[in-house]
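One structure is given here, and the rest of the page talks about it.
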Amino acid sequence: MSLLAPSTRAARPSLRRRIVALAERATSPLLPADYLDLFDPLRPGADLRGRIVEVSPETVDAATVVIRPGADWAGHVPGQYVRVGVDVDGVRQWRAYSLTHGPRADGNISITVKAVPDGLVSNHLVRESRPGTLVHLEQAQGEFVLPTDGGKFLFVTAGSGVTPVIGMLRNLFPVADGGVVRLPRAAAYDIVVVHVAPSEPHSIFIDNLRALDEAGLIRLVARYDDEHGVLDVDDLDILVPDLLERTTLACGPGGLLDALQRHHDQRGLGLLTEQFRATTLVVGEGGTVDFTGSGTTVDADGATPILDAAEAAGVLMPSGCRMGICFGCVLPLREGAVRDLRTGEVTTATPGETEGQGVPIQTCISAAAGACVIDH
Amino acid sequence: MTVLQKKAHNPIGHLSAADIEQIGVELDAIRQSVIDTRGADDAAYIRKVIATQRKLELGSRAVLLVSMFPPAWLVGTAGLAVAKIIENMEIGHNVMHGQWDWMRDPKIHSTTWEWDNASPSEQWKHSHNELHHTYTNVIGKDNDLGYGIMRVDEDQRWVPLYAAQPLWNFVNACFFEYGIAAYDLELGKNLATKERRQDPDFRARAKVTLKKIRNQMTKDYVIHPLLSGPSFLSTLTANATANLIRNLWTHSVIMCGHFPEGVETFERRSIVGETRGEWYLRQMLGSANISGSKAMHFMTGNLSFQIEHHLFPDLPSNRYQEIAPQVQELFRRYGLTYTTGSLPRQVGSAWKKVFRLSLPNGLLRRGRATVVPMATRPDTTSSAAA
């Protein structure tokens with residue numbers, strides 16, 4: 001057909017495309033990538049992955065993980081974060097972590113993780129992860145970045161909220177063997193860092209911040225809860241006398257960010273914030289189930305399978321054996337918590353911590369254990 | 001076999017309703033013990049199996065590029081046959097059962113897996129996971145009992161078509177993947193009337209199946225032979241042979257699951273209002289294991305632990321072997337028969353039944369129990385299996 005067409009150039013697929021099409025026919029029902037992944041999972045064109053090359057402790061409960069990203073890693077701006085998929089006890093979990101550096105000469109990326117109590121992934125990364133392990137990545141994202149044209153800034157960081165800020169500072173003030181390198185572009189920045197931590201030993205990156213402070217590149221105000229008491233945002237007016245001239249970038253827990261927002265709004269000051277854990281999941285008995293496709297909301301009690309509750313409310317649901325064996329009713333739980341009616345086991349989905357549309361659940365044996373959003 | 005409800009000696013007649021519920025509780029506990037210890041080792045296992053299978057397939061197909069040399073043909077064909085068997089049995093079948101869904105790896109998930117077989121995953125999951133595993137061995141509900149072309153139970157009515165069923169069974173064994181595709185499409189039923197033939201849902205499903213078959217055939221009988229250049233014909237015969245070996249092997253294994261002597265069948269109305277304990281009991285009595293070496297278990301996709309698989313279809317297959325002694329002990333304590341035997345014995349037993357039931361009941365009966373009318377069954381059975 002293409003030979004007879006007036007313009008054969010546009011109609012005829014390129015040689016490369018034809019080779020790809022042939023390879024796809026040769027590997028059907030799989031894809032050539034399924035075989036190539038066996039030998040080079042970091043090659044161009046592969047799903048974005050990375051390999052852990054180094055895990056170094058920062059404090060007793062924090063570590064920096066250096067990752068060699070796949071060939072298609074598009075780079076990042078300091079302050080951005082990356083979503084990382086890690087297999088913990090065989091189960092893939094996704095979390096977002098700040099990139100704690102600027103672009104590196106070796107092409108690697110690094111994240112600094114603080115093990116939080118009951119934190120499945122953070123504890124695994126800090127204590128169990130080993131060089132050589134393959135992890136899954138998404139491209140860097142986030143609006144929490146330092147404006148490029150300089151100015152007067154205040155960073156307010158709490159706990160591991162220091163990580164994106166460290167990425168920005170390292171980019172601005174790189175440390176070489178002979179000490180901190182003073183880049184011309186860094187001269188345009190006047191930075192104060194108010195860093196909050198429970199106590200000094202738990203404060204990750206405090207040495208880096210101190211070194212920059214001693215070199216006169218930033219002004220560091222370190223506040224430890226056990227020494228100075230919990231920070232009251234109104235104290236910022238005293239701690240940072242020229243607060244009114246500065247733009248604030250803050251990263252930390254929701255409570256602190258909310259307080260800062262109120263404080264800055266009252267004074268008409270600019271504030272850019274970053275919080276990873278935006279929602280706290282409440283696990284209970286029963287709850288509303290939102291179906292994103294139909295826009296229906298169903299009230300489900302804690303003893304009724306979501307499948308039954310949805311059908312009773314007129315939602316057309318995929319179904320099968322209705323006893324948990326055939327997996328014909330599986331739908332992605334985008335957000336919320338469900339309880340397995342056979343075992344009592346609770347499965348949760350937090351936006352940003354799942355892959356794709358959510359955690360696939362069997363609706364025929366799962367009851368709502370709190371408000372749920374299901375992609376259907 | 002005769003449906004359990006009609007047997008003179010009822011194999012579950014000695015169990016009270018409370019016993020049956022207790023069996024369910026104990027089996028739930030076994031299931032939970034596996035779920036509680038499911039983790040990184042299991043994930044590493046399935047990833048290793050998948051990686052090994054793909055490397056074996058690649059290697060075999062590479063060897064077959066020069067299949068005009070007889071040793072290359074032999075090695076390549078054997079490797080490809082083994083790779084296809086592993087892909088269908090230990091990987092495909094089990095992944096599509098959702099045994100590995102807990103890993104939340106979208107590449108090894110029941111909702112995304114497509115297997116190296118003529119039948120599209122979506123249709124196989126419906127007929128196998130939903131119908132066969134839910135209605136296991138219920139006459140009239142579970143079409144796996146003879147696949148609609150054979151009579152494998154005395155309680156299936158004899159028609160003359162069944163006289164040639166040893167032949168049907170052999171033909172089905174040779175072309176098993178297409179048999180499965182036709183079965184999943186319910187071809188016999190759907191081609192019967194004009195109305196069914198023109199049903200848009202059926203036509204859509206048939207189109208998907210034809211596309212899958214076309215892709216499968218193009219791969220094995222066009223692309224790889226073409227890539228072999230002068231070895232075109234020998235690669236084609238190698239691929240056809242590998243598919244034939246895979247078909248014969250999987251057919252044999254699957255026949256052993258529910259056809260050998262000792263496996264019970266159930267009446268349609270006996271499952272109305274069935275409790276979880278009763279469902280478990282039906283799975284226990286409706287399946288048969290195969291005994292043998294570790295390699296044999298692996299090559300059957302651990303379907304040699306058919307009883308354990310039917311009790312817990314969504315537990316990772318690598319764990320069936322470990323729980324089998326507990327399950328067998330439970331059978332013993334409750335006075336139930338754990339049907340098992342070597343592969344040759346079970347295949348022989350299933351084939352014997354195919355031959356015997358090709359004739360109407362009674363013609364080849366030797367010392368078997370006579371069918372007793374429903375009214376004579378002891379009262380306990382109705383609660384036991386109802």
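We name chains A, B, ... following the order of the structure tokens; residues begin at 1 in each chain, and ligands are numbered from 1 as shown.
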Residue list for chain A near chain B as a VMD selection string, 6 Å, only C-alpha atoms
chain A and resid 25 to 26 89 to 92 320 to 321 326
Leaving out Ser119 in chain B and any residue of its chain fewer than 2 positions from it, which residues lie within 8 Å of it when counting only C-alpha atoms, given as a list in words?
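Contacts, in chain order: Asn117, Ser121, Gln123, Trp124, Glu177, Tyr178, Ile180, Ala181, Ala182, Asp184, Thr209, Lys212 and Ile213 of chain B.
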Go ahead and save the residues from that selection, with N, CA and C atoms, as a PDB file, in the first residue's frame.
ATOM      1  N   ASN B 117       0.083 -18.826  25.819  1.00  0.00           N
ATOM      2  CA  ASN B 117      -0.962 -19.830  25.611  1.00  0.00           C
ATOM      3  C   ASN B 117      -2.011 -19.219  24.698  1.00  0.00           C
ATOM      4  N   SER B 121      -5.605 -14.356  28.853  1.00  0.00           N
ATOM      5  CA  SER B 121      -5.648 -14.430  30.318  1.00  0.00           C
ATOM      6  C   SER B 121      -7.019 -14.083  30.893  1.00  0.00           C
ATOM      7  N   GLN B 123     -10.006 -14.334  29.769  1.00  0.00           N
ATOM      8  CA  GLN B 123     -11.052 -15.355  29.646  1.00  0.00           C
ATOM      9  C   GLN B 123     -10.725 -16.592  30.463  1.00  0.00           C
ATOM     10  N   TRP B 124      -9.442 -16.934  30.493  1.00  0.00           N
ATOM     11  CA  TRP B 124      -9.053 -18.100  31.290  1.00  0.00           C
ATOM     12  C   TRP B 124      -9.339 -17.848  32.768  1.00  0.00           C
ATOM     13  N   GLU B 177      -3.777 -26.301  24.303  1.00  0.00           N
ATOM     14  CA  GLU B 177      -3.923 -24.846  24.477  1.00  0.00           C
ATOM     15  C   GLU B 177      -5.113 -24.320  23.675  1.00  0.00           C
ATOM     16  N   TYR B 178      -5.379 -24.918  22.511  1.00  0.00           N
ATOM     17  CA  TYR B 178      -6.536 -24.480  21.724  1.00  0.00           C
ATOM     18  C   TYR B 178      -7.828 -25.017  22.342  1.00  0.00           C
ATOM     19  N   ILE B 180      -8.260 -25.311  25.505  1.00  0.00           N
ATOM     20  CA  ILE B 180      -8.531 -24.386  26.606  1.00  0.00           C
ATOM     21  C   ILE B 180      -9.175 -23.106  26.077  1.00  0.00           C
ATOM     22  N   ALA B 181      -8.639 -22.597  24.949  1.00  0.00           N
ATOM     23  CA  ALA B 181      -9.181 -21.362  24.369  1.00  0.00           C
ATOM     24  C   ALA B 181     -10.641 -21.554  23.970  1.00  0.00           C
ATOM     25  N   ALA B 182     -10.934 -22.708  23.328  1.00  0.00           N
ATOM     26  CA  ALA B 182     -12.305 -22.993  22.900  1.00  0.00           C
ATOM     27  C   ALA B 182     -13.210 -23.154  24.123  1.00  0.00           C
ATOM     28  N   ASP B 184     -12.697 -21.830  27.148  1.00  0.00           N
ATOM     29  CA  ASP B 184     -12.913 -20.547  27.809  1.00  0.00           C
ATOM     30  C   ASP B 184     -13.918 -19.685  27.059  1.00  0.00           C
ATOM     31  N   THR B 209      -9.666 -13.707  21.286  1.00  0.00           N
ATOM     32  CA  THR B 209      -9.010 -15.012  21.253  1.00  0.00           C
ATOM     33  C   THR B 209      -8.291 -15.237  19.925  1.00  0.00           C
ATOM     34  N   LYS B 212      -5.154 -13.325  19.816  1.00  0.00           N
ATOM     35  CA  LYS B 212      -4.100 -13.953  20.645  1.00  0.00           C
ATOM     36  C   LYS B 212      -3.505 -15.157  19.897  1.00  0.00           C
ATOM     37  N   ILE B 213      -4.378 -15.976  19.308  1.00  0.00           N
ATOM     38  CA  ILE B 213      -3.896 -17.160  18.591  1.00  0.00           C
ATOM     39  C   ILE B 213      -3.016 -16.738  17.408  1.00  0.00           C
TER      40      ILE B 213
END
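Interatomic distance, CA of Ile254 in chain B against CA of Leu15 in chain B: 29.5 Å.
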Can you pull out every residue within 12 Å of Gly102 in chain A, counting only C-alpha atoms, but drop anything in the same chain fewer than 4 positions away, and send it as a list of chain:residue names?
A:Gly75, A:His76, A:Val77, A:Pro78, A:Gly79, A:Gln80, A:Tyr81, A:Ser98, A:Asp106, A:Gly107, A:Asn108, A:Ile109, A:Ser110, A:Ile111, A:Val145, A:Leu146, A:Thr163, A:Pro164, A:Val165, A:Ile166, A:Gly167, A:Met168, A:Leu169, A:Arg170, A:Asn171, A:Leu172, A:Phe173, A:Pro174, A:Val175
Tell me, as a PyMOL selection string, which residues lie within 12 Å of range 189-194 of chain B, counting only C-alpha atoms; anything in the same chain fewer than 4 positions away does not count.
chain B and resi 143+147-149+182-185+198-203+205-206
What is the CA of Thr237 in chain B-CA of Met89 in chain B distance in Å, reported with one decimal?
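If I compute the distance from CA of Thr237 in chain B to CA of Met89 in chain B, I get 22.9 Å.
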Taking only range 206-365 of chain B into account, list the residues labelled strand (DSSP E) by DSSP (computed from the backbone), as a PyMOL selection string.
chain B and resi 289-291+340-342
